[in-house]
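In what follows, a structure is listed as structure tokens, so that the remarks can point back to it.
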Amino acid sequence: MRTVSVELGDRSYAIKIAPGLLKQLGQECARLKLGRRCAIITDSIVGKKYARPAFESLVLAGFEPLLIIIPAGEKSKRVSVVEKCFDRLAAHRLERKSFIVALGGGVVGDLAGFVAATYLRGIPFVQVPTTLLAQVDSSVGGKTGVNLQAGKNLVGAFYQPQLVLCDLDALKTLPNREYVSGLAEVIKYGVIYDAILFAQLERQLPKLLQREAATLAAVIARCCEIKANIVGQDETESDLRAILNFGHTIGHAIENSSGYGKFLHGEAIAIGQVAAAKLSQTILGLPSADAERIEQLFVAAGLPVRIKLNGKRREKLFAAMRLDKKVSGGEIKFVLAEKIGKVRFGCKVQSHHFSGMTDVLVTTRRPA
Ligand code: NAD
Ligand code: GLY
């Protein structure tokens, strides 16, 4: 088993990465010295496959779990679903020492984490991420929250889990589109922080696409190490943590303006990262060879690198970008790359620079 620690003083926690961890959920939770009553929050798809072993493992370790199943998909990441969860927790009499297990992908993790952060002003929670994206990114670092009509993740809290259990076996049942979408966050770590990882991804992509266990374990552990390192230095995104948003300003706007669910998160941020690389060429002098390698790796992974927009949708996308959380004082701040492995945050981008992205955000004349 690989263990990565997130160092945050008395809120430090371990990320454990290995096959078969779900069966050990009960034992692992018992080590945390929490209350007996707990709730598993999962979604309708993950629940069918993994709720039973999670539930049984908790019972075997002496816990009294409640199972809450939300509909699968981004649309569940909303305030009304949070309220339904609160009602179930209250009916099951969860109290301050009780805890929540978030069993699922980033949607479940973000929602269940937010429920844990706010129910009784905060109860402990454990992340059991079951998608690649959740294992390398969303389950680590304590960003929790839900979407509003106006934009993604506009309501939320920084709230750290007590433990993250990445069971590599869970990835075996992940649909290919979801798995590949997770690779977009994996590639992001290479671009923003680790040129060696980026080169390793270029070499080992075929093995990764086959979900080869040893390669996957090493890559997930490295991504978690990078994220733990960044979050350990800047938990609440005052500065450095912003680099994790590479490609996200455009990516979130793509998700929002096309209606949640059309593009998977990873697909949207793949396009966003390629667009950010184009901007980086103009603004920070990112070598064109590096921009090319970035685009090629996304293409080789099977991720989209372009989006076609008519005038109306293009306007909607730019409006969504202006609503993003990264906007401050009316200015859209971007994370841009100097070279592979090194980025800068807080880069001011003027509207005329957007023309640099026209071969990624391709304008068409077709009707809306
Ligand atoms: P998701 O949670 O919607 O999961 C994707 C799909 O895969 C769902 O249909 C789910 O039911 C299914 N699934 C999950 N695990 C499975 C498994 N093992 N086998 C079969 N099916 C499985 O999506 P996601 O990509 O994991 O997460 C996206 C969300 O994460 C977005 O809401 C995004 O905003 C958020 N996010 C948060 C952070 C953060 O730091 N908190 C970071 C990145 C993304
Ligand atoms: N995924 C961005 C962050 O955790 O900060």
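Residue numbers start at 1 in each chain; chains themselves are named A, B, ... in the order of the structure tokens; ligands are numbered from 1 in the order shown.
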For ligand 2, collect every residue having any atom at a distance of at most 6 Å from a ligand atom (counting only C-alpha atoms and all ligand atoms); output as an NGL selection string. :A and (137-138 or 141 or 143 or 241 or 244-245)
Dump as a compact mmCIF listing (two decimals), in the first residue's frame, selection limited to N, CA and C atoms:
```
# COMPACT_ATOMS: atom_id res chain seq x y z
N ASP A 137 -7.67 13.95 -7.40
CA ASP A 137 -7.92 15.37 -7.23
C ASP A 137 -9.00 15.70 -6.21
N SER A 138 -10.27 15.42 -6.54
CA SER A 138 -11.34 16.02 -5.75
C SER A 138 -11.44 15.51 -4.32
N GLY A 141 -7.71 17.56 -0.33
CA GLY A 141 -7.52 19.01 -0.25
C GLY A 141 -8.66 19.79 0.35
N LYS A 143 -11.75 20.83 -0.69
CA LYS A 143 -12.73 21.71 -1.33
C LYS A 143 -14.03 20.94 -1.44
N ARG A 241 -2.13 27.52 -4.35
CA ARG A 241 -3.14 26.50 -4.71
C ARG A 241 -3.85 26.84 -6.02
N LEU A 244 -3.63 24.81 -9.28
CA LEU A 244 -4.44 23.61 -9.57
C LEU A 244 -5.58 23.93 -10.52
N ASN A 245 -5.84 25.22 -10.69
CA ASN A 245 -6.95 25.62 -11.57
C ASN A 245 -6.51 25.80 -13.02
```
Check every protein, DNA and RNA residue against ligand 1, keep those with an atom at most 7 Å away (counting only C-alpha atoms and all ligand atoms), and present them as a PyMOL selection string. chain A and resi 43-46+72-74+77+104-108+110+130-134+137-144+152-153+170-175+178+181-182+264-266
*asked:* Counting only C-alpha atoms, which residue out of A:Leu361, A:Ala102, A:Leu286, A:Ala213 sits closest to A:Ile250?
replied: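 The closest residue to A:Ile250 is A:Leu361.
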- If we count only C-alpha atoms, what is near stretch 57-68 of chain A at a cut-off of 6 Å, once residues fewer than 6 positions away on the same chain are taken out, given as an NGL selection string? :A and (23 or 25-27 or 36-41)
Nearby residues (only C-alpha atoms) at most 6 Å from A:Ala195, same-chain spacing under 2 positions excluded, as a ChimeraX atom specification: /A:190,197-198,340-341
* **Residues of stretch 98-218 of chain A in helix (DSSP H, G or I), written as a PyMOL selection string** => chain A and resi 106-121+132-138+168-173+176-193+195-209+213-218
- Message: My list of candidates is A:Leu111, A:Met357, A:Leu240, A:Val101. Which is closest to A:Thr282 when distances are computed with only C-alpha atoms?
- Response: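 Closest to A:Thr282, using only C-alpha atoms: A:Met357.
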Just list as a PyMOL selection string whatever in stretch 91-338 of chain A DSSP marks as strand (DSSP E).
chain A and resi 99-104+125-129+143-148+151-158+163-167+307-309+327-328+331-338
